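data.cif (mmCIF, C-alpha atoms) appears below.
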```
data_final
#
loop_
_atom_site.label_atom_id
_atom_site.label_comp_id
_atom_site.auth_asym_id
_atom_site.auth_seq_id
_atom_site.Cartn_x
_atom_site.Cartn_y
_atom_site.Cartn_z
CA MET S 5 39.90 47.63 -88.09
CA THR S 6 40.26 51.20 -89.29
CA ASP S 7 43.41 52.87 -90.54
CA SER S 8 43.62 54.87 -87.29
CA ASN S 9 44.15 51.81 -85.08
CA ARG S 10 46.03 49.37 -87.27
CA TRP S 11 49.06 49.92 -85.06
CA LEU S 12 47.34 48.52 -81.96
CA LEU S 13 48.73 45.31 -80.46
CA PRO S 14 46.57 42.64 -78.79
CA GLU S 15 45.96 43.27 -75.10
CA GLY S 16 48.79 41.88 -72.98
CA VAL S 17 51.16 41.58 -75.96
CA GLU S 18 54.05 44.04 -75.93
CA GLU S 19 56.98 45.03 -78.08
CA ALA S 20 60.33 46.31 -76.83
CA LEU S 21 61.66 49.53 -78.31
CA PRO S 22 65.09 51.03 -77.78
CA PRO S 23 66.51 51.43 -75.17
CA LEU S 24 64.39 48.74 -73.42
CA ALA S 25 65.28 46.14 -76.04
CA GLU S 26 68.96 46.81 -75.42
CA ARG S 27 68.52 46.40 -71.65
CA LEU S 28 66.70 43.11 -72.19
CA GLU S 29 69.44 41.84 -74.47
CA THR S 30 72.16 42.90 -72.04
CA CYS S 31 70.48 41.00 -69.19
CA ARG S 32 69.90 38.01 -71.47
CA ARG S 33 73.60 37.78 -72.28
CA GLN S 34 74.61 38.20 -68.63
CA LEU S 35 72.22 35.47 -67.51
CA LEU S 36 73.38 33.01 -70.15
CA ASP S 37 76.96 33.66 -69.05
CA LEU S 38 75.89 33.08 -65.43
CA TYR S 39 74.23 29.76 -66.26
CA HIS S 40 77.18 28.69 -68.38
CA GLY S 41 79.47 29.32 -65.41
CA TRP S 42 77.32 27.01 -63.29
CA GLY S 43 77.46 24.24 -65.87
CA TYR S 44 73.98 24.70 -67.36
CA GLN S 45 73.70 24.01 -71.07
CA LEU S 46 71.41 26.09 -73.26
CA VAL S 47 68.55 24.42 -75.14
CA MET S 48 66.20 26.04 -77.65
CA PRO S 49 62.87 24.20 -77.88
CA PRO S 50 60.51 25.02 -80.76
CA PHE S 51 57.89 27.76 -80.34
CA ILE S 52 55.14 25.36 -81.41
CA GLU S 53 54.65 21.61 -80.81
CA TYR S 54 51.99 18.96 -81.03
CA LEU S 55 49.45 19.53 -78.30
CA GLU S 56 49.77 16.12 -76.63
CA SER S 57 53.45 16.84 -75.97
CA LEU S 58 52.95 20.37 -74.62
CA LEU S 59 50.08 19.39 -72.34
CA THR S 60 51.63 16.22 -70.93
CA GLY S 61 52.71 15.86 -67.33
CA THR S 62 53.59 19.27 -65.94
CA GLY S 63 51.93 20.92 -68.93
CA ARG S 64 48.46 19.45 -68.35
CA GLY S 65 47.41 22.40 -66.20
CA LEU S 66 48.33 24.77 -69.04
CA ASP S 67 45.47 23.71 -71.30
CA LEU S 68 43.47 26.93 -70.86
CA GLN S 69 46.61 29.05 -71.30
CA THR S 70 47.62 27.48 -74.61
CA PHE S 71 46.74 28.85 -78.03
CA LYS S 72 45.78 25.94 -80.29
CA LEU S 73 45.77 25.52 -84.06
CA THR S 74 45.66 22.75 -86.66
CA ASP S 75 48.73 21.57 -88.55
CA GLN S 76 47.84 22.02 -92.22
CA LEU S 77 50.20 19.19 -93.20
CA ASN S 78 48.54 16.40 -91.25
CA GLY S 79 45.51 17.76 -89.40
CA ARG S 80 46.96 17.21 -85.91
CA LEU S 81 46.41 19.78 -83.17
CA MET S 82 49.37 21.96 -82.28
CA GLY S 83 49.94 24.45 -79.49
CA VAL S 84 51.99 27.60 -79.05
CA ARG S 85 54.04 27.01 -75.91
CA ALA S 86 52.76 28.64 -72.74
CA ASP S 87 55.62 27.22 -70.64
CA MET S 88 58.98 25.82 -71.69
CA THR S 89 59.34 23.42 -68.74
CA PRO S 90 57.52 20.47 -70.41
CA GLN S 91 59.61 20.96 -73.54
CA VAL S 92 62.89 20.85 -71.59
CA ALA S 93 61.68 17.72 -69.76
CA ARG S 94 61.03 16.08 -73.13
CA ILE S 95 64.52 17.01 -74.30
CA ASP S 96 66.15 15.53 -71.20
CA ALA S 97 64.09 12.33 -71.22
CA HIS S 98 63.82 11.57 -74.92
CA ARG S 99 66.66 13.34 -76.73
CA LEU S 100 69.60 13.48 -74.32
CA LYS S 101 68.98 10.25 -72.35
CA ARG S 102 71.82 10.90 -69.91
CA GLU S 103 72.50 8.86 -66.81
CA ALA S 104 74.42 11.57 -64.96
CA PRO S 105 72.72 14.69 -63.58
CA SER S 106 71.81 17.05 -66.40
CA ARG S 107 71.75 20.84 -66.10
CA LEU S 108 69.77 22.68 -68.77
CA CYS S 109 68.77 26.32 -69.17
CA TYR S 110 66.48 28.09 -71.62
CA MET S 111 65.28 31.50 -72.66
CA GLY S 112 62.50 32.33 -75.10
CA THR S 113 59.07 33.81 -75.67
CA VAL S 114 55.99 32.02 -74.33
CA LEU S 115 52.43 33.04 -75.15
CA HIS S 116 49.40 32.86 -72.86
CA THR S 117 45.74 33.06 -73.79
CA ARG S 118 45.14 35.11 -70.64
CA PRO S 119 47.38 37.25 -68.40
CA ASP S 120 48.79 35.61 -65.29
CA GLY S 121 50.98 36.62 -62.37
CA PHE S 122 53.93 38.19 -64.17
CA ALA S 123 52.84 41.84 -64.65
CA GLY S 124 49.63 40.92 -66.46
CA SER S 125 51.42 40.11 -69.70
CA ARG S 126 50.44 37.40 -72.16
CA SER S 127 53.77 37.48 -73.96
CA LEU S 128 56.58 36.62 -71.55
CA LEU S 129 60.29 36.23 -72.14
CA GLN S 130 60.69 33.11 -70.02
CA VAL S 131 64.04 32.36 -68.42
CA GLY S 132 64.71 29.22 -66.45
CA ALA S 133 67.01 26.42 -65.38
CA GLU S 134 66.32 22.74 -64.69
CA LEU S 135 68.42 20.12 -62.93
CA TYR S 136 67.54 16.50 -63.80
CA GLY S 137 68.74 13.22 -62.34
CA HIS S 138 69.21 14.09 -58.67
CA SER S 139 66.60 13.83 -55.91
CA GLY S 140 68.53 15.21 -52.93
CA LEU S 141 68.49 18.59 -51.22
CA ASP S 142 71.78 19.56 -52.88
CA SER S 143 70.03 20.07 -56.21
CA ASP S 144 67.13 21.98 -54.61
CA LEU S 145 69.61 24.31 -52.91
CA GLU S 146 71.54 24.79 -56.15
CA ILE S 147 68.41 25.73 -58.08
CA LEU S 148 67.26 28.13 -55.37
CA SER S 149 70.72 29.69 -55.28
CA LEU S 150 70.75 30.08 -59.05
CA MET S 151 67.35 31.80 -58.90
CA LEU S 152 68.73 34.30 -56.37
CA GLU S 153 71.84 34.85 -58.50
CA THR S 154 69.55 35.50 -61.47
CA LEU S 155 67.78 38.28 -59.56
CA ALA S 156 71.13 39.70 -58.43
CA VAL S 157 72.53 39.80 -61.98
CA CYS S 158 69.45 41.76 -63.08
CA GLN S 159 69.89 44.05 -60.04
CA VAL S 160 66.51 43.22 -58.56
CA ASP S 161 66.11 44.13 -54.87
CA THR S 162 66.94 41.42 -52.33
CA PRO S 163 63.84 39.24 -52.35
CA LEU S 164 61.73 37.42 -49.84
CA VAL S 165 61.72 33.70 -50.60
CA ASP S 166 58.51 31.83 -49.84
CA LEU S 167 59.03 28.10 -49.14
CA GLY S 168 56.47 25.31 -49.05
CA HIS S 169 56.23 21.57 -49.61
CA VAL S 170 53.32 19.94 -51.45
CA GLY S 171 54.25 16.55 -49.97
CA ILE S 172 52.81 17.65 -46.62
CA TYR S 173 49.32 18.23 -47.99
CA ARG S 174 49.45 15.08 -50.11
CA ALA S 175 50.37 12.97 -47.06
CA LEU S 176 47.65 14.55 -44.88
CA ALA S 177 45.02 14.04 -47.58
CA VAL S 178 45.95 10.36 -47.92
CA GLN S 179 45.80 9.84 -44.15
CA ALA S 180 42.36 11.45 -44.07
CA GLY S 181 41.10 9.11 -46.79
CA MET S 182 40.11 11.94 -49.13
CA ASP S 183 39.17 11.08 -52.70
CA PRO S 184 40.63 13.11 -55.61
CA ASP S 185 37.61 15.42 -55.91
CA GLN S 186 37.64 16.21 -52.19
CA GLU S 187 41.39 16.81 -52.33
CA ILE S 188 41.02 19.32 -55.17
CA THR S 189 38.10 21.10 -53.46
CA LEU S 190 40.09 21.56 -50.26
CA PHE S 191 43.15 22.57 -52.26
CA ASP S 192 41.20 25.49 -53.72
CA MET S 193 40.08 26.61 -50.26
CA LEU S 194 43.62 26.42 -48.92
CA GLN S 195 44.88 28.68 -51.70
CA ARG S 196 42.29 31.26 -50.70
CA LYS S 197 43.06 30.82 -46.98
CA ALA S 198 39.30 30.52 -46.47
CA LEU S 199 39.47 29.32 -42.84
CA PRO S 200 35.72 29.26 -42.00
CA GLU S 201 34.99 27.56 -45.32
CA ILE S 202 37.73 24.98 -44.67
CA ARG S 203 36.41 24.14 -41.21
CA GLU S 204 32.85 23.82 -42.50
CA TYR S 205 33.89 21.64 -45.42
CA LEU S 206 36.07 19.32 -43.33
CA GLY S 207 33.34 19.09 -40.71
CA GLY S 208 31.03 17.60 -43.31
CA LEU S 209 33.45 14.87 -44.40
CA ALA S 210 33.67 11.43 -42.88
CA MET S 211 37.14 11.27 -41.33
CA GLU S 212 38.76 10.87 -37.94
CA ASP S 213 39.26 13.90 -35.72
CA ALA S 214 43.09 13.91 -35.85
CA PRO S 215 43.40 14.11 -39.67
CA ARG S 216 40.60 16.71 -39.75
CA ARG S 217 42.40 18.84 -37.16
CA ARG S 218 45.71 18.68 -39.03
CA LEU S 219 44.16 19.61 -42.38
CA SER S 220 42.20 22.44 -40.77
CA ALA S 221 45.38 23.83 -39.19
CA LEU S 222 47.38 23.79 -42.41
CA ALA S 223 46.13 27.15 -43.71
CA ALA S 224 47.44 28.93 -40.60
CA LEU S 225 50.91 27.40 -40.76
CA ASN S 226 52.74 30.32 -42.34
CA GLY S 227 55.24 32.90 -41.18
CA GLY S 228 58.92 33.13 -40.28
CA GLY S 229 61.36 30.58 -38.93
CA GLU S 230 59.10 29.65 -36.03
CA THR S 231 56.58 28.18 -38.48
CA LEU S 232 58.39 24.87 -38.81
CA ALA S 233 58.61 24.35 -35.05
CA ARG S 234 54.89 25.14 -34.76
CA ALA S 235 54.14 22.74 -37.62
CA ARG S 236 55.96 19.91 -35.86
CA GLU S 237 53.66 20.39 -32.86
CA VAL S 238 50.41 20.85 -34.77
CA LEU S 239 51.11 17.99 -37.21
CA ALA S 240 52.52 15.57 -34.64
CA GLY S 241 51.54 12.00 -35.45
CA ALA S 242 51.09 12.75 -39.16
CA GLY S 243 53.71 10.19 -40.16
CA ASP S 244 57.19 9.93 -41.62
CA HIS S 245 56.37 11.68 -44.92
CA VAL S 246 55.39 14.86 -43.11
CA VAL S 247 58.37 14.69 -40.75
CA ARG S 248 60.79 14.27 -43.69
CA ALA S 249 59.21 17.18 -45.55
CA LEU S 250 59.62 19.45 -42.51
CA ASP S 251 63.21 18.23 -42.09
CA ASP S 252 63.91 19.06 -45.74
CA LEU S 253 62.47 22.56 -45.39
CA GLU S 254 64.57 23.18 -42.28
CA GLN S 255 67.80 21.97 -43.87
CA LEU S 256 67.12 23.94 -47.02
CA ALA S 257 66.46 27.10 -45.01
CA GLU S 258 69.75 26.63 -43.14
CA GLY S 259 71.62 26.26 -46.43
CA LEU S 260 70.02 29.40 -47.87
CA ARG S 261 70.72 31.46 -44.75
CA ALA S 262 74.37 30.41 -44.85
CA ARG S 263 74.75 31.42 -48.49
CA TYR S 264 72.45 34.46 -48.56
CA PRO S 265 72.12 35.97 -45.07
CA ALA S 266 70.33 39.08 -46.42
CA VAL S 267 67.49 37.09 -47.98
CA LEU S 268 64.28 36.90 -45.94
CA LEU S 269 62.64 33.48 -45.68
CA HIS S 270 58.93 32.88 -45.29
CA PHE S 271 57.21 29.51 -44.88
CA ASP S 272 53.70 28.69 -46.03
CA LEU S 273 52.65 25.05 -45.76
CA ALA S 274 49.34 25.73 -47.50
CA GLU S 275 50.94 27.43 -50.50
CA LEU S 276 50.64 24.67 -53.08
CA ARG S 277 51.54 26.40 -56.34
CA GLY S 278 51.92 23.85 -59.10
CA TYR S 279 50.25 21.24 -56.89
CA HIS S 280 49.08 19.16 -59.85
CA TYR S 281 52.65 18.40 -60.95
CA HIS S 282 55.04 19.38 -58.15
CA THR S 283 56.05 16.55 -55.84
CA GLY S 284 58.09 18.24 -53.10
CA LEU S 285 59.58 21.62 -52.37
CA VAL S 286 57.89 24.64 -53.97
CA PHE S 287 59.20 28.19 -53.77
CA ALA S 288 58.69 31.71 -55.06
CA ALA S 289 60.55 35.01 -54.82
CA TYR S 290 58.88 38.32 -54.00
CA THR S 291 60.37 41.81 -54.00
CA PRO S 292 59.43 44.77 -51.76
CA GLY S 293 56.37 46.63 -53.02
CA ASN S 294 55.52 44.01 -55.60
CA GLY S 295 52.59 41.76 -54.72
CA GLN S 296 53.19 39.25 -57.50
CA GLU S 297 55.94 36.65 -57.43
CA VAL S 298 58.89 37.50 -59.67
CA ALA S 299 60.27 33.95 -59.92
CA ARG S 300 58.98 30.51 -58.97
CA GLY S 301 59.86 26.86 -59.09
CA GLY S 302 60.07 23.60 -57.22
CA ARG S 303 60.63 19.88 -57.46
CA TYR S 304 58.73 17.71 -59.95
CA ASP S 305 60.16 14.20 -59.84
CA ASP S 306 59.20 11.71 -62.55
CA ILE S 307 58.38 14.54 -64.94
CA GLY S 308 59.89 12.61 -67.85
CA ARG S 309 57.83 9.44 -67.31
CA VAL S 310 55.31 10.35 -70.03
CA PHE S 311 58.23 10.75 -72.44
CA GLY S 312 59.52 7.26 -71.65
CA ARG S 313 62.10 8.02 -68.98
CA ALA S 314 61.31 9.15 -65.43
CA ARG S 315 63.90 11.41 -63.84
CA PRO S 316 63.85 13.44 -60.63
CA ALA S 317 63.92 17.14 -61.45
CA THR S 318 63.94 20.57 -59.87
CA GLY S 319 63.96 23.97 -61.51
CA PHE S 320 62.81 27.59 -61.58
CA SER S 321 61.57 30.11 -64.11
CA THR S 322 60.98 33.84 -64.35
CA ASP S 323 60.09 36.52 -66.88
CA LEU S 324 63.00 38.62 -68.11
CA LYS S 325 60.72 41.57 -68.92
CA THR S 326 59.56 41.65 -65.30
CA LEU S 327 63.13 41.49 -63.99
CA VAL S 328 64.22 44.40 -66.17
CA ARG S 329 61.16 46.41 -65.13
CA LEU S 330 62.02 45.87 -61.45
CA SER S 331 65.77 46.35 -61.89
CA ARG S 332 67.60 48.99 -59.89
CA GLN S 333 69.98 49.43 -62.81
CA PRO S 334 69.72 53.01 -64.08
CA GLU S 335 68.65 53.71 -67.62
CA SER S 336 71.67 53.31 -69.84
CA THR S 337 73.18 56.46 -71.27
CA PRO S 338 73.10 56.78 -75.04
CA ALA S 339 75.93 54.81 -76.61
CA ARG S 340 78.80 56.83 -78.00
CA ALA S 341 78.86 56.75 -81.78
CA ILE S 342 80.83 58.14 -84.70
CA PHE S 343 79.13 59.65 -87.74
CA ALA S 344 80.74 58.88 -91.11
CA PRO S 345 79.67 61.10 -94.03
CA ALA S 346 78.21 59.71 -97.24
CA ASP S 347 81.42 59.69 -99.25
CA PRO S 348 82.55 57.00 -101.74
CA ASP S 349 86.18 57.43 -100.71
CA ALA S 350 87.73 53.96 -100.35
CA SER S 351 89.94 55.14 -97.49
CA LEU S 352 86.80 56.21 -95.58
CA ALA S 353 85.32 52.72 -95.99
CA ALA S 354 88.57 51.20 -94.73
CA THR S 355 88.61 53.55 -91.73
CA VAL S 356 84.99 52.72 -90.87
CA THR S 357 85.74 48.99 -91.05
CA ARG S 358 88.78 49.38 -88.79
CA LEU S 359 86.88 51.42 -86.20
CA ARG S 360 84.02 48.92 -86.06
CA ARG S 361 86.47 46.05 -85.58
CA GLU S 362 87.99 48.01 -82.70
CA GLY S 363 84.58 48.09 -81.05
CA GLU S 364 83.42 51.55 -82.05
CA ARG S 365 79.87 52.22 -83.15
CA VAL S 366 79.96 53.92 -86.55
CA ILE S 367 76.84 55.16 -88.34
CA GLN S 368 77.30 55.72 -92.04
CA GLY S 369 75.58 58.68 -93.65
CA LEU S 370 73.37 58.10 -96.69
CA SER S 371 73.27 59.97 -100.00
CA GLY S 372 70.91 62.93 -99.79
CA GLN S 373 70.59 62.67 -96.02
CA THR S 374 69.99 65.99 -94.27
CA ALA S 375 70.17 64.78 -90.67
CA ASP S 376 73.50 65.69 -89.06
CA ALA S 377 75.61 63.79 -86.53
CA ALA S 378 73.61 65.02 -83.52
CA ALA S 379 70.32 63.97 -85.09
CA MET S 380 71.79 60.50 -85.64
CA GLY S 381 72.81 60.22 -81.98
CA CYS S 382 76.53 60.61 -82.66
CA ASP S 383 78.94 62.51 -80.43
CA ARG S 384 81.86 62.35 -82.90
CA VAL S 385 82.35 62.59 -86.63
CA LEU S 386 84.88 61.41 -89.20
CA VAL S 387 86.50 64.28 -91.10
CA LYS S 388 89.16 64.23 -93.78
CA SER S 389 92.34 66.16 -93.10
CA ASN S 390 95.61 65.86 -95.01
CA ASN S 391 94.15 62.90 -96.97
CA GLN S 392 93.41 61.01 -93.73
CA TRP S 393 90.11 60.36 -92.02
CA THR S 394 90.24 61.22 -88.34
CA VAL S 395 87.68 61.21 -85.52
CA VAL S 396 86.82 64.58 -83.95
CA ASP S 397 84.16 65.71 -81.49
CA ALA S 398 80.85 66.63 -83.09
#
```
What's the structure tokens form of this structure?
Amino acid sequence: MTDSNRWLLPEGVEEALPPLAERLETCRRQLLDLYHGWGYQLVMPPFIEYLESLLTGTGRGLDLQTFKLTDQLNGRLMGVRADMTPQVARIDAHRLKREAPSRLCYMGTVLHTRPDGFAGSRSLLQVGAELYGHSGLDSDLEILSLMLETLAVCQVDTPLVDLGHVGIYRALAVQAGMDPDQEITLFDMLQRKALPEIREYLGGLAMEDAPRRRLSALAALNGGGETLARAREVLAGAGDHVVRALDDLEQLAEGLRARYPAVLLHFDLAELRGYHYHTGLVFAAYTPGNGQEVARGGRYDDIGRVFGRARPATGFSTDLKTLVRLSRQPESTPARAIFAPADPDASLAATVTRLRREGERVIQGLSGQTADAAAMGCDRVLVKSNNQWTVVDA
């Protein structure tokens, strides 16, 4: 590396300069206050953990996204967290060990080896909330509502919420007698909505016509409110698991419409994000003109089993940097500030202390400094008159 490019950061790794850093911090405080008001307690997991803990359960799919290194104290492999969800699950299952429902929230930097959906960044400021210990629709609706409130606090445009349910595909795959490899192969095709490829692949598998027809139709089951009624017809005879999943989606949609009538709902029964660890409802939020999801989540029951205590769980996460980038909030005007000259007068020091305690921003001049109040971003100055320091306009 030459002297001319020592300042370069790794691709996909950003730093926040003023005033962006101030906007991020303002939103961070507002969100923590929001979560506190809903009863969610803040946890702060470590930035680095042993690899077997980070990549357990929900984290297993994060293997390629995790930076790995060796602990010089004992030779064990460690990982820099790429997602805080497994860490929070460990805290709930192993450290808190509560019987009652537990509401936890978190906020911190995660690092990815490669960019993913959130604005192509590898260094995200992940924000999220998890609700453990309840398996009913009430907790799913609460988490979805909190996700929408999160977007509202950050003044992100009213989103479209995409709803799906991985239990439908799991039940259809079991009925069709698919083995794990076949299930994963078809899963990949469904994510790409590759309809001809799906039909050809299913046509080559040994299964009855009814399960083949239902699986083949799954990729086309997406759209507005009519999607669920169409799914009930197309998937008729698929069994109780599928019927319950469709009932859950319908009830959840009714609850969301009642609380947030302006939010658009979209259903996609082949959208299986997080399929390897989600067990039920999955969802994502999209904003107008932005092709990538801005928040996502779902249900992942039994997530704590690998930590010794299985608990039903549902949650969501987002990237604070993305929310601030998409925010309708105007750029903040420069903060008002008072310039205090470089003067050893004890009464000046006392005045500066008093003003700061009153909430004023006071910038103290330094000996030999040539920059004036305007150059320091100050709109007022402290001047001495009749042995008293008073604030006047710059």
message: Taking 3 positions as the minimum chain separation for residues in the same chain, which residues sit within 7 Å of Val396 of chain S when counting only C-alpha atoms? Answer as a list in words.
response: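 These residues fall inside the cut-off: Arg384, Val385 and Leu386 of chain S.
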message: Under the rule that only C-alpha atoms are counted, which of S:Leu250, S:Leu206, S:Leu81, S:Leu273 is the nearest residue to Ala224 of chain S?
response: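 Closest to Ala224 of chain S of all the choices is S:Leu273.
By all atoms listed in the file, and with residues fewer than 2 positions from Ala266 of chain S along its chain excluded, the set lying at most 12 Å from it is Leu152, Asp161, Thr162, Pro163, Leu164, Val165, Leu260, Arg261, Ala262, Arg263, Tyr264, Leu268 and Leu269 of chain S.
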field: Selection dump of the PyMOL selection byres ((chain S and resi 214) around 10), as a PyMOL selection string
entry: chain S and resi 179-180+211-213+215-220+239-242
- request: Write out as a count of residues only the residues lying within 8 Å of Asp323 of chain S, counting all atoms listed in the file and excluding same-chain residues fewer than 6 positions away.
  value: 7
Given the file above and the PyMOL selection byres ((chain S and resi 306) around 12), which residues are selected, and can you give them as a compact mmCIF listing (two decimals) with C-alpha atoms, in the coordinates of the input?
```
# COMPACT_ATOMS: atom_id res chain seq x y z
CA GLY S 61 52.71 15.86 -67.33
CA THR S 62 53.59 19.27 -65.94
CA PRO S 90 57.52 20.47 -70.41
CA ALA S 93 61.68 17.72 -69.76
CA ARG S 94 61.03 16.08 -73.13
CA ASP S 96 66.15 15.53 -71.20
CA ALA S 97 64.09 12.33 -71.22
CA TYR S 136 67.54 16.50 -63.80
CA GLY S 137 68.74 13.22 -62.34
CA HIS S 138 69.21 14.09 -58.67
CA SER S 139 66.60 13.83 -55.91
CA TYR S 281 52.65 18.40 -60.95
CA HIS S 282 55.04 19.38 -58.15
CA THR S 283 56.05 16.55 -55.84
CA GLY S 284 58.09 18.24 -53.10
CA ARG S 303 60.63 19.88 -57.46
CA TYR S 304 58.73 17.71 -59.95
CA ASP S 305 60.16 14.20 -59.84
CA ILE S 307 58.38 14.54 -64.94
CA GLY S 308 59.89 12.61 -67.85
CA ARG S 309 57.83 9.44 -67.31
CA VAL S 310 55.31 10.35 -70.03
CA PHE S 311 58.23 10.75 -72.44
CA GLY S 312 59.52 7.26 -71.65
CA ARG S 313 62.10 8.02 -68.98
CA ALA S 314 61.31 9.15 -65.43
CA ARG S 315 63.90 11.41 -63.84
CA PRO S 316 63.85 13.44 -60.63
CA ALA S 317 63.92 17.14 -61.45
CA THR S 318 63.94 20.57 -59.87
```
So which residues are close to (42.5, 22.0, -56.0), meaning at most 12 Å away in the file's coordinates with all atoms listed in the file counted, and can you show them as a PDB file with C-alpha atoms, in the coordinates of the input?
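Saved as out-v7.pdb:
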```pdb
ATOM      1  CA  GLY S  65      47.410  22.400 -66.200  1.00  0.00           C
ATOM      2  CA  VAL S 170      53.320  19.940 -51.450  1.00  0.00           C
ATOM      3  CA  TYR S 173      49.320  18.230 -47.990  1.00  0.00           C
ATOM      4  CA  ARG S 174      49.450  15.080 -50.110  1.00  0.00           C
ATOM      5  CA  ALA S 177      45.020  14.040 -47.580  1.00  0.00           C
ATOM      6  CA  ASP S 183      39.170  11.080 -52.700  1.00  0.00           C
ATOM      7  CA  PRO S 184      40.630  13.110 -55.610  1.00  0.00           C
ATOM      8  CA  ASP S 185      37.610  15.420 -55.910  1.00  0.00           C
ATOM      9  CA  GLN S 186      37.640  16.210 -52.190  1.00  0.00           C
ATOM     10  CA  GLU S 187      41.390  16.810 -52.330  1.00  0.00           C
ATOM     11  CA  ILE S 188      41.020  19.320 -55.170  1.00  0.00           C
ATOM     12  CA  THR S 189      38.100  21.100 -53.460  1.00  0.00           C
ATOM     13  CA  LEU S 190      40.090  21.560 -50.260  1.00  0.00           C
ATOM     14  CA  PHE S 191      43.150  22.570 -52.260  1.00  0.00           C
ATOM     15  CA  ASP S 192      41.200  25.490 -53.720  1.00  0.00           C
ATOM     16  CA  MET S 193      40.080  26.610 -50.260  1.00  0.00           C
ATOM     17  CA  LEU S 194      43.620  26.420 -48.920  1.00  0.00           C
ATOM     18  CA  GLN S 195      44.880  28.680 -51.700  1.00  0.00           C
ATOM     19  CA  ARG S 196      42.290  31.260 -50.700  1.00  0.00           C
ATOM     20  CA  ALA S 274      49.340  25.730 -47.500  1.00  0.00           C
ATOM     21  CA  GLU S 275      50.940  27.430 -50.500  1.00  0.00           C
ATOM     22  CA  LEU S 276      50.640  24.670 -53.080  1.00  0.00           C
ATOM     23  CA  ARG S 277      51.540  26.400 -56.340  1.00  0.00           C
ATOM     24  CA  GLY S 278      51.920  23.850 -59.100  1.00  0.00           C
ATOM     25  CA  TYR S 279      50.250  21.240 -56.890  1.00  0.00           C
ATOM     26  CA  HIS S 280      49.080  19.160 -59.850  1.00  0.00           C
ATOM     27  CA  TYR S 281      52.650  18.400 -60.950  1.00  0.00           C
TER      28      TYR S 281
END
```
Using the file's own x, y and z axes, so that the box edges lie along x, y and z, what centre and edge lengths in Å (one decimal) does a box around every listed atom of segment 328-332 of chain S get when 6 Å is added on each side? Give it as JSON.
```
{"center_x": 64.4, "center_y": 46.7, "center_z": -63.0, "size_x": 18.4, "size_y": 16.6, "size_z": 18.3}
```
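Minimum atom-to-atom distance to Thr30 of chain S, evaluated using all atoms listed in the file, belongs to S:Leu324 out of S:Leu324, S:Ala156, S:Met88, S:Leu68.
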The PyMOL selection byres ((chain S and resi 325-341) around 8) resolved against shown file, as a PyMOL selection string: chain S and resi 23+27-28+31+122-123+128-129+155+158-161+298+322-324+342-343+364-367+381-384
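Take the candidates S:Met111, S:Ala289, S:Leu12, S:Leu222 and check each one against Gly301 of chain S using all atoms listed in the file; the shortest distance goes to S:Ala289.
Atom CA of Gly302 of chain S is found 20.8 Å from atom CA of Leu36 of chain S.
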- prompt: Between atom CA of Gly124 of chain S and atom CA of Arg300 of chain S, what is the distance, to one decimal in Å?
  reply: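 So the two atoms, atom CA of Gly124 of chain S and atom CA of Arg300 of chain S, lie 15.9 Å apart.
Between Pro119 of chain S and the candidates S:Met182, S:Thr70, S:Asn294, S:Leu225, the tightest atom-to-atom separation, counting all atoms listed in the file, involves S:Thr70.
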Exercise: Pro348 of chain S partners within 12 Å, all atoms listed in the file, chain neighbours under 3 positions left out, as a PyMOL selection string: chain S and resi 344-345+351-354+356+368-371
Write out, as a compact mmCIF listing (two decimals), in the frame of the given file, the residues just selected, with C-alpha atoms.
```txt
# COMPACT_ATOMS: atom_id res chain seq x y z
CA ALA S 344 80.74 58.88 -91.11
CA PRO S 345 79.67 61.10 -94.03
CA SER S 351 89.94 55.14 -97.49
CA LEU S 352 86.80 56.21 -95.58
CA ALA S 353 85.32 52.72 -95.99
CA ALA S 354 88.57 51.20 -94.73
CA VAL S 356 84.99 52.72 -90.87
CA GLN S 368 77.30 55.72 -92.04
CA GLY S 369 75.58 58.68 -93.65
CA LEU S 370 73.37 58.10 -96.69
CA SER S 371 73.27 59.97 -100.00
```
task: Rounded to one decimal place, report the atom CA of Val17 of chain S-atom CA of Ser125 of chain S distance in Å.
output: 6.4 Å
For the point (66.3, 21.5, -59.8) in file coordinates, what residues are within 6 Å, counting all atoms listed in the file? Give the answer as a PDB file with C-alpha atoms, in the frame of the given file?
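Below you can see result.pdb, which holds the result:
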```pdb
ATOM      1  CA  GLU S 134      66.320  22.740 -64.690  1.00  0.00           C
ATOM      2  CA  LEU S 135      68.420  20.120 -62.930  1.00  0.00           C
ATOM      3  CA  SER S 143      70.030  20.070 -56.210  1.00  0.00           C
ATOM      4  CA  ASP S 144      67.130  21.980 -54.610  1.00  0.00           C
ATOM      5  CA  ILE S 147      68.410  25.730 -58.080  1.00  0.00           C
ATOM      6  CA  ALA S 317      63.920  17.140 -61.450  1.00  0.00           C
ATOM      7  CA  THR S 318      63.940  20.570 -59.870  1.00  0.00           C
ATOM      8  CA  GLY S 319      63.960  23.970 -61.510  1.00  0.00           C
TER       9      GLY S 319
END
```
query: Which is closest to Leu150 of chain S among S:Gly43, S:Gly372, S:Pro265, S:Pro200, if we use only C-alpha atoms?
result: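 Among S:Gly43, S:Gly372, S:Pro265, S:Pro200, it is S:Gly43 that comes nearest to Leu150 of chain S.
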Close residues, Asp252 of chain S itself excluded, 10 Å, all atoms listed in the file, min 5 positions apart in chain, as number ranges by chain: S: 140-141, 144, 169, 246-247, 257-258, 284-285
